[in-house]
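> So I've got this file, upload_18.csv, and it contains CSV, C-alpha atoms and all ligand atoms:
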```csv
chain,number,residue,atom,x,y,z
A,848,MET,CA,108.3,101.5,65.7
A,849,LYS,CA,106.4,102.6,68.9
A,850,ILE,CA,104.6,105.9,69.1
A,851,LEU,CA,102.6,107.4,72.0
A,852,ALA,CA,99.8,109.8,71.1
A,853,PHE,CA,98.2,112.3,73.5
A,854,ASN,CA,94.9,114.2,73.0
A,855,GLY,CA,95.1,117.3,75.2
A,856,SER,CA,91.5,118.4,74.4
A,857,PRO,CA,88.6,117.7,76.7
A,858,ARG,CA,86.5,117.1,73.6
A,859,LEU,CA,87.0,113.6,72.4
A,860,ASN,CA,85.6,114.2,68.9
A,861,GLY,CA,86.6,117.9,68.5
A,862,ASN,CA,89.1,119.5,66.1
A,863,THR,CA,92.1,118.4,68.1
A,864,ALA,CA,91.0,114.8,68.4
A,865,THR,CA,90.3,114.8,64.6
A,866,MET,CA,93.7,116.2,63.7
A,867,LEU,CA,95.3,113.7,66.0
A,868,GLU,CA,93.3,110.8,64.4
A,869,TYR,CA,94.7,111.7,61.0
A,870,ALA,CA,98.2,111.8,62.4
A,871,ILE,CA,97.7,108.4,64.1
A,872,SER,CA,96.3,106.9,60.8
A,873,GLY,CA,99.3,108.2,58.9
A,874,ALA,CA,101.6,106.5,61.4
A,875,ARG,CA,99.7,103.3,61.6
A,876,GLU,CA,99.3,103.0,57.8
A,877,ASN,CA,103.1,103.2,57.7
A,878,GLY,CA,103.7,100.4,60.1
A,879,ALA,CA,103.9,102.2,63.5
A,880,GLU,CA,102.3,100.8,66.6
A,881,VAL,CA,100.4,103.8,68.2
A,882,GLU,CA,98.9,104.0,71.7
A,883,LEU,CA,96.5,106.9,72.3
A,884,PHE,CA,95.8,108.5,75.7
A,885,ASN,CA,93.1,111.1,76.3
A,886,LEU,CA,94.6,113.4,78.9
A,887,TYR,CA,91.2,114.7,80.2
A,888,LYS,CA,90.2,111.1,81.0
A,889,MET,CA,93.2,110.7,83.3
A,890,GLN,CA,93.8,112.0,86.9
A,891,PHE,CA,97.1,113.8,87.2
A,892,SER,CA,98.8,117.0,88.2
A,893,GLY,CA,101.6,119.1,86.8
A,894,CYS,CA,105.1,119.0,88.2
A,895,ILE,CA,105.1,119.4,92.0
A,896,SER,CA,108.7,120.7,92.1
A,897,CYS,CA,109.9,117.9,94.4
A,898,PHE,CA,113.2,117.7,92.5
A,899,SER,CA,113.3,114.0,93.0
A,900,CYS,CA,114.4,113.7,89.3
A,901,LYS,CA,117.4,116.0,90.0
A,902,ARG,CA,118.9,113.9,92.8
A,903,LEU,CA,122.5,113.0,92.1
A,904,ASP,CA,122.1,109.5,93.7
A,905,LYS,CA,119.7,108.4,91.0
A,906,GLU,CA,120.5,106.8,87.7
A,907,ARG,CA,119.3,108.6,84.6
A,908,PRO,CA,117.1,108.7,82.7
A,909,ILE,CA,114.5,109.1,85.5
A,910,VAL,CA,110.7,108.9,85.3
A,911,CYS,CA,108.8,111.5,87.3
A,912,ALA,CA,108.3,110.2,90.9
A,913,VAL,CA,104.7,111.5,91.3
A,914,ILE,CA,102.3,108.5,91.5
A,915,ASP,CA,99.1,109.1,89.6
A,916,ASP,CA,97.5,108.0,86.3
A,917,LEU,CA,100.4,109.6,84.3
A,918,LYS,CA,103.2,107.6,86.0
A,919,PRO,CA,102.7,104.2,84.1
A,920,VAL,CA,102.4,106.2,80.9
A,921,LEU,CA,105.6,108.1,81.5
A,922,GLU,CA,107.4,104.8,82.2
A,923,LYS,CA,106.7,103.8,78.6
A,924,VAL,CA,108.4,106.9,77.2
A,925,SER,CA,112.0,105.6,77.4
A,926,GLU,CA,111.1,102.9,74.9
A,927,ILE,CA,109.3,104.9,72.3
A,928,ASP,CA,110.4,105.9,68.8
A,929,GLY,CA,108.0,108.9,68.4
A,930,LEU,CA,105.6,111.1,70.2
A,931,LEU,CA,102.4,112.9,69.1
A,932,ILE,CA,100.9,115.6,71.2
A,933,ALA,CA,97.8,117.5,70.2
A,934,THR,CA,96.2,120.4,72.0
A,935,PRO,CA,93.7,123.2,71.6
A,936,VAL,CA,95.1,126.6,72.2
A,937,TYR,CA,93.6,128.0,75.5
A,938,TYR,CA,94.5,131.6,76.4
A,939,GLY,CA,97.4,131.6,74.0
A,940,CYS,CA,99.1,128.4,75.1
A,941,GLU,CA,98.3,124.7,75.5
A,942,SER,CA,95.3,123.4,77.4
A,943,ALA,CA,95.9,123.0,81.2
A,944,ALA,CA,96.1,119.2,81.0
A,945,THR,CA,98.6,119.4,78.1
A,946,ARG,CA,100.8,121.8,80.0
A,947,ALA,CA,100.7,119.7,83.1
A,948,PHE,CA,101.6,116.6,81.0
A,949,ILE,CA,104.5,118.4,79.2
A,950,GLU,CA,106.0,119.5,82.6
A,951,ARG,CA,105.9,115.9,83.9
A,952,LEU,CA,107.2,114.5,80.6
A,953,CYS,CA,110.0,116.9,80.0
A,954,PHE,CA,111.4,118.0,83.4
A,955,PRO,CA,113.0,114.6,84.3
A,956,TYR,CA,114.9,114.6,81.0
A,957,LEU,CA,116.2,118.2,81.4
A,958,ASN,CA,119.9,118.2,82.3
A,959,TYR,CA,119.7,120.8,85.1
A,960,ALA,CA,123.5,121.2,85.1
A,961,ASP,CA,123.7,121.9,81.4
A,962,TYR,CA,120.5,123.0,79.7
A,963,THR,CA,121.9,122.2,76.2
A,964,THR,CA,121.8,118.4,76.7
A,965,SER,CA,119.0,116.0,77.6
A,966,HIS,CA,118.9,112.8,79.6
A,967,PHE,CA,116.6,111.2,77.0
A,968,PRO,CA,118.9,108.5,75.5
A,969,ARG,CA,118.1,109.1,71.8
A,970,ARG,CA,116.8,111.6,69.3
A,971,ILE,CA,113.2,110.9,68.2
A,972,PRO,CA,110.6,112.8,66.2
A,973,VAL,CA,107.9,114.6,68.1
A,974,GLY,CA,104.8,115.9,66.4
A,975,LEU,CA,103.0,118.8,68.0
A,976,ILE,CA,99.5,119.6,66.8
A,977,TYR,CA,97.7,122.8,67.7
A,978,THR,CA,94.1,123.8,66.9
A,979,MET,CA,92.8,127.3,67.5
A,980,ASN,CA,90.3,130.0,66.9
A,981,VAL,CA,92.8,132.5,65.7
A,982,PRO,CA,93.0,132.8,61.9
A,983,SER,CA,96.4,132.2,60.3
A,984,GLU,CA,96.8,135.9,59.4
A,985,LEU,CA,96.8,136.8,63.1
A,986,PHE,CA,99.0,133.9,64.3
A,987,GLU,CA,102.3,135.9,64.3
A,988,ALA,CA,100.7,139.3,65.1
A,989,MET,CA,99.3,137.8,68.4
A,990,GLY,CA,102.7,136.3,69.2
A,991,TYR,CA,101.6,132.7,69.0
A,992,ASP,CA,104.7,131.8,66.9
A,993,VAL,CA,106.8,132.8,69.9
A,994,THR,CA,104.7,131.3,72.8
A,995,LEU,CA,103.8,128.0,71.0
A,996,GLY,CA,107.3,128.0,69.6
A,997,ARG,CA,108.7,127.8,73.1
A,998,THR,CA,106.9,124.6,73.7
A,999,ARG,CA,108.3,123.2,70.4
A,1000,GLU,CA,111.8,124.2,71.5
A,1001,THR,CA,111.3,122.5,74.9
A,1002,LEU,CA,110.3,119.2,73.2
A,1003,GLU,CA,113.1,119.6,70.6
A,1004,ARG,CA,115.7,120.1,73.4
A,1005,GLU,CA,114.6,117.0,75.4
A,1006,PHE,CA,113.8,114.6,72.5
A,1007,GLY,CA,115.9,115.9,69.7
A,1008,SER,CA,113.4,117.1,67.1
A,1009,CYS,CA,109.9,118.5,67.0
A,1010,LYS,CA,107.5,119.7,64.2
A,1011,MET,CA,104.4,121.8,64.7
A,1012,VAL,CA,101.2,121.4,62.6
A,1013,LEU,CA,98.4,123.9,63.0
A,1014,ALA,CA,94.6,124.2,62.3
A,1015,ASN,CA,93.4,127.8,62.5
A,1016,ASN,CA,89.9,129.4,62.7
A,1017,THR,CA,88.4,126.1,63.9
A,1018,MET,CA,84.6,125.5,64.4
A,1019,GLN,CA,83.6,125.2,68.0
A,1020,TYR,CA,79.9,124.8,67.7
A,1021,THR,CA,77.7,122.9,65.3
A,1022,ASP,CA,74.9,125.6,65.6
A,1023,TYR,CA,76.5,129.0,66.0
A,1024,SER,CA,73.1,130.7,66.4
A,1025,LEU,CA,72.9,129.3,70.0
A,1026,TYR,CA,76.2,130.7,71.3
A,1027,GLU,CA,78.2,133.9,71.6
A,1028,ALA,CA,80.7,134.0,68.8
A,1029,ASN,CA,82.9,136.5,66.8
A,1030,ALA,CA,81.8,135.1,63.5
A,1031,THR,CA,78.7,133.5,62.0
A,1032,GLY,CA,78.3,129.8,61.6
A,1033,GLU,CA,78.3,130.4,57.8
A,1034,GLU,CA,81.6,132.2,57.9
A,1035,LYS,CA,83.2,129.5,60.1
A,1036,LYS,CA,81.9,126.7,58.0
A,1037,ALA,CA,83.1,128.3,54.8
A,1038,TYR,CA,86.6,128.6,56.3
A,1039,ARG,CA,86.5,125.1,57.6
A,1040,ASP,CA,85.3,123.7,54.2
A,1041,ALA,CA,88.2,125.5,52.5
A,1042,HIS,CA,91.0,124.6,55.0
A,1043,PHE,CA,90.3,121.9,57.5
A,1044,SER,CA,90.8,118.9,55.2
A,1045,ASN,CA,94.2,120.3,54.2
A,1046,ASP,CA,95.1,120.7,57.9
A,1047,CYS,CA,94.1,117.1,58.5
A,1048,GLN,CA,96.3,116.0,55.6
A,1049,ASN,CA,99.2,117.9,57.1
A,1050,ALA,CA,98.5,116.0,60.3
A,1051,ARG,CA,98.5,112.7,58.4
A,1052,GLN,CA,101.9,113.6,56.8
A,1053,LEU,CA,103.2,114.3,60.3
A,1054,GLY,CA,102.2,110.8,61.4
A,1055,GLU,CA,103.8,109.3,58.3
A,1056,GLN,CA,107.0,111.2,59.1
A,1057,LEU,CA,107.0,109.8,62.6
A,1058,ALA,CA,106.5,106.3,61.4
A,1059,SER,CA,109.6,106.7,59.2
A,1060,GLY,CA,111.6,107.3,62.4
A,1061,LYS,CA,113.5,110.2,60.8
A,1062,VAL,CA,114.0,113.1,63.1
A,1063,PHE,CA,112.9,116.6,61.9
A,1064,ASN,CA,115.5,119.1,60.8
A,1065,ALA,CA,115.9,122.0,63.2
B,1101,LIG,C1,88.9,128.0,77.5
B,1101,LIG,C2,89.2,128.2,76.1
B,1101,LIG,C3,90.2,129.2,75.7
B,1101,LIG,C4,90.5,129.4,74.4
B,1101,LIG,N1,91.5,130.3,74.1
B,1101,LIG,C5,91.9,130.4,72.8
B,1101,LIG,C6,93.0,131.3,72.5
B,1101,LIG,O1,93.6,131.9,73.3
B,1101,LIG,N2,93.3,131.4,71.2
B,1101,LIG,C7,92.6,130.7,70.2
B,1101,LIG,O2,93.0,130.9,69.0
B,1101,LIG,N3,91.6,129.9,70.5
B,1101,LIG,C8,91.2,129.7,71.8
B,1101,LIG,N4,90.2,128.9,72.1
B,1101,LIG,C9,89.5,128.1,71.0
B,1101,LIG,C10,90.1,126.7,70.8
B,1101,LIG,O3,91.5,126.7,70.8
B,1101,LIG,C11,89.7,126.1,69.4
B,1101,LIG,O4,88.3,126.3,69.2
B,1101,LIG,C12,90.1,124.7,69.3
B,1101,LIG,O5,90.1,124.3,68.0
B,1101,LIG,C13,89.2,123.7,70.1
B,1101,LIG,O6,89.6,122.4,70.0
B,1101,LIG,P1,88.6,121.2,70.3
B,1101,LIG,O7,87.6,121.2,69.2
B,1101,LIG,O8,89.5,120.0,70.3
B,1101,LIG,O9,88.0,121.4,71.6
B,1101,LIG,C14,89.8,128.7,73.4
B,1101,LIG,C15,88.8,127.8,73.8
B,1101,LIG,C16,88.5,127.6,75.1
B,1101,LIG,C17,87.4,126.6,75.4
```
Could you quickly redo this structure as structure tokens?
Ligand SMILES: Cc1cc2nc3c(=O)[nH]c(=O)nc-3n(C[C@H](O)[C@H](O)[C@H](O)COP(=O)(O)O)c2cc1C

Amino acid sequence: MKILAFNGSPRLNGNTATMLEYAISGARENGAEVELFNLYKMQFSGCISCFSCKRLDKERPIVCAVIDDLKPVLEKVSEIDGLLIATPVYYGCESAATRAFIERLCFPYLNYADYTTSHFPRRIPVGLIYTMNVPSELFEAMGYDVTLGRTRETLEREFGSCKMVLANNTMQYTDYSLYEANATGEEKKAYRDAHFSNDCQNARQLGEQLASGKVFNA
């Protein structure tokens, strides 16, 4: 059981990396082999719209033609049994590196003649972890279920199944007295103490599910 995991946060010990570590532990403890990549440690761009992956004279599945740090990683994807992607929410969507990664990952598998099918050869489980400042009560009111749900649908279409796990109202600073913020450090810490360990357990369960190899129900 091979799983690739991607941290789409520039902070290597932040909320996103922590949630991802729980998911990875859940997968490893259940026998999966997991390789972790920190996207902000790699040099790569998003899709450059060359359409090399849509050429009819090429055999599918095709890996993105762009040569950079992502290319050898994308080459491993055809052999995997599961995928973990974790990202902070930036301006209502994934971090820039995560979006660039998802474009390069998904576009070559998209059947451009029939959007309902994928060139990826199997159905695999994909775990998608988001951490964000917005509290859970505002998640739908701010339309995050729709915008983030679109990314889940993209991954579901190309890989067969995808499940989202969230951490809301995360702490960004250790010492809130030093920074601009819409809440005090005490309020943030109280929320974190009440919720974050549960969020991390949800991430662990996600990893366990991936290790089982079972796809998620739509
Ligand atoms: C540039 C930037 C933009 C952000 N935009 C949002 C946003 O639109 N919605 C939100 O809920 N949180 C937003 N946040 C907060 C982060 O998503 C949140 O604190 C996250 O848990 C940080 O993850 P990390 O600890 O892995 O860095 C933003 C943070 C940054 C730095």
> How would you write, as a ChimeraX atom specification, the set of residues no farther than 9 Å from ligand LIG 1101 (chain B) when counting only C-alpha atoms and all ligand atoms?
/A:854-866,933-942,977-982,986,991,1014-1020
> In Å to one decimal, how far is CA of Ala852 in chain A from CA of Val881 in chain A?
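Here the two named atoms are 6.7 Å from each other.
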> Report, in Å with one decimal, the straight-line distance from CA of Lys888 in chain A to CA of Val924 in chain A.
19.1 Å
> What is the distance between CA of Ile976 in chain A and CA of Lys1010 in chain A, in Å to one decimal?
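Atom-to-atom, CA of Ile976 in chain A and CA of Lys1010 in chain A are spaced 8.4 Å apart.
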> Using all atoms listed in the file, which residues sit within 12 Å of Glu906 in chain A once same-chain residues fewer than 5 positions away are excluded, as a list of chain:residue names?
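Answer for this query is A:Ser899, A:Cys900, A:Lys901, A:Pro955, A:Tyr956, A:His966.
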> So that I can check the surroundings of Lys849 in chain A, please list as a VMD selection string every protein, DNA and RNA residue that reaches within 10 Å of it, counting only C-alpha atoms and ignoring chain neighbours fewer than 4 positions away.
chain A and resid 874 to 875 878 to 882 923 to 924 926 to 930 1057 to 1058 1060
> What would range 899-931 of chain A look like with N, CA and C atoms in place, written as an mmCIF file, in the frame of the given file?

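Result went into out-v6.cif, see below:
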```cif
data_model
loop_
_atom_site.group_PDB
_atom_site.id
_atom_site.type_symbol
_atom_site.label_atom_id
_atom_site.label_comp_id
_atom_site.auth_asym_id
_atom_site.auth_seq_id
_atom_site.Cartn_x
_atom_site.Cartn_y
_atom_site.Cartn_z
ATOM 1 N N SER A 899 112.885 115.346 92.866
ATOM 2 C CA SER A 899 113.300 114.000 93.000
ATOM 3 C C SER A 899 114.119 113.568 91.710
ATOM 4 N N CYS A 900 113.702 114.090 90.567
ATOM 5 C CA CYS A 900 114.400 113.700 89.300
ATOM 6 C C CYS A 900 115.733 114.409 89.149
ATOM 7 N N LYS A 901 116.074 115.312 90.062
ATOM 8 C CA LYS A 901 117.400 116.000 90.000
ATOM 9 C C LYS A 901 118.370 115.463 91.017
ATOM 10 N N ARG A 902 117.958 114.445 91.798
ATOM 11 C CA ARG A 902 118.900 113.900 92.800
ATOM 12 C C ARG A 902 120.080 113.239 92.140
ATOM 13 N N LEU A 903 121.262 113.507 92.701
ATOM 14 C CA LEU A 903 122.500 113.000 92.100
ATOM 15 C C LEU A 903 122.674 111.489 92.385
ATOM 16 N N ASP A 904 121.966 110.971 93.412
ATOM 17 C CA ASP A 904 122.100 109.500 93.700
ATOM 18 C C ASP A 904 121.218 108.648 92.902
ATOM 19 N N LYS A 905 120.563 109.206 91.893
ATOM 20 C CA LYS A 905 119.700 108.400 91.000
ATOM 21 C C LYS A 905 120.252 108.237 89.653
ATOM 22 N N GLU A 906 120.010 107.054 89.097
ATOM 23 C CA GLU A 906 120.500 106.800 87.700
ATOM 24 C C GLU A 906 119.569 107.379 86.708
ATOM 25 N N ARG A 907 120.134 107.953 85.660
ATOM 26 C CA ARG A 907 119.300 108.600 84.600
ATOM 27 C C ARG A 907 119.255 107.680 83.382
ATOM 28 N N PRO A 908 118.203 107.774 82.556
ATOM 29 C CA PRO A 908 117.100 108.700 82.700
ATOM 30 C C PRO A 908 116.102 108.247 83.781
ATOM 31 N N ILE A 909 115.426 109.258 84.338
ATOM 32 C CA ILE A 909 114.500 109.100 85.500
ATOM 33 C C ILE A 909 113.100 109.385 85.013
ATOM 34 N N VAL A 910 112.136 108.597 85.518
ATOM 35 C CA VAL A 910 110.700 108.900 85.300
ATOM 36 C C VAL A 910 110.227 109.718 86.460
ATOM 37 N N CYS A 911 109.323 110.649 86.226
ATOM 38 C CA CYS A 911 108.800 111.500 87.300
ATOM 39 C C CYS A 911 108.272 110.606 88.455
ATOM 40 N N ALA A 912 108.590 111.046 89.685
ATOM 41 C CA ALA A 912 108.300 110.200 90.900
ATOM 42 C C ALA A 912 106.837 110.299 91.313
ATOM 43 N N VAL A 913 106.091 111.285 90.827
ATOM 44 C CA VAL A 913 104.700 111.500 91.300
ATOM 45 C C VAL A 913 103.863 110.250 90.868
ATOM 46 N N ILE A 914 103.117 109.726 91.824
ATOM 47 C CA ILE A 914 102.300 108.500 91.500
ATOM 48 C C ILE A 914 100.863 108.954 91.261
ATOM 49 N N ASP A 915 100.467 108.817 90.012
ATOM 50 C CA ASP A 915 99.100 109.100 89.600
ATOM 51 C C ASP A 915 98.888 108.393 88.242
ATOM 52 N N ASP A 916 97.818 108.729 87.524
ATOM 53 C CA ASP A 916 97.500 108.000 86.300
ATOM 54 C C ASP A 916 98.635 108.214 85.205
ATOM 55 N N LEU A 917 99.414 109.290 85.343
ATOM 56 C CA LEU A 917 100.400 109.600 84.300
ATOM 57 C C LEU A 917 101.681 108.698 84.504
ATOM 58 N N LYS A 918 101.942 108.268 85.735
ATOM 59 C CA LYS A 918 103.200 107.600 86.000
ATOM 60 C C LYS A 918 103.426 106.345 85.106
ATOM 61 N N PRO A 919 102.451 105.411 84.994
ATOM 62 C CA PRO A 919 102.700 104.200 84.100
ATOM 63 C C PRO A 919 102.887 104.631 82.655
ATOM 64 N N VAL A 920 102.278 105.727 82.258
ATOM 65 C CA VAL A 920 102.400 106.200 80.900
ATOM 66 C C VAL A 920 103.820 106.758 80.651
ATOM 67 N N LEU A 921 104.269 107.555 81.596
ATOM 68 C CA LEU A 921 105.600 108.100 81.500
ATOM 69 C C LEU A 921 106.686 107.055 81.511
ATOM 70 N N GLU A 922 106.387 105.955 82.186
ATOM 71 C CA GLU A 922 107.400 104.800 82.200
ATOM 72 C C GLU A 922 107.558 104.221 80.844
ATOM 73 N N LYS A 923 106.567 104.345 79.972
ATOM 74 C CA LYS A 923 106.700 103.800 78.600
ATOM 75 C C LYS A 923 107.570 104.652 77.712
ATOM 76 N N VAL A 924 107.775 105.915 78.103
ATOM 77 C CA VAL A 924 108.400 106.900 77.200
ATOM 78 C C VAL A 924 109.828 106.514 76.818
ATOM 79 N N SER A 925 110.559 105.903 77.754
ATOM 80 C CA SER A 925 112.000 105.600 77.400
ATOM 81 C C SER A 925 112.099 104.626 76.277
ATOM 82 N N GLU A 926 111.020 103.886 75.959
ATOM 83 C CA GLU A 926 111.100 102.900 74.900
ATOM 84 C C GLU A 926 110.544 103.342 73.550
ATOM 85 N N ILE A 927 110.006 104.553 73.501
ATOM 86 C CA ILE A 927 109.300 104.900 72.300
ATOM 87 C C ILE A 927 110.226 105.470 71.180
ATOM 88 N N ASP A 928 109.673 105.439 69.948
ATOM 89 C CA ASP A 928 110.400 105.900 68.800
ATOM 90 C C ASP A 928 109.816 107.260 68.289
ATOM 91 N N GLY A 929 108.686 107.655 68.812
ATOM 92 C CA GLY A 929 108.000 108.900 68.400
ATOM 93 C C GLY A 929 106.933 109.287 69.340
ATOM 94 N N LEU A 930 106.577 110.568 69.282
ATOM 95 C CA LEU A 930 105.600 111.100 70.200
ATOM 96 C C LEU A 930 104.690 112.083 69.461
ATOM 97 N N LEU A 931 103.384 111.941 69.688
ATOM 98 C CA LEU A 931 102.400 112.900 69.100
ATOM 99 C C LEU A 931 101.676 113.559 70.231
#
```
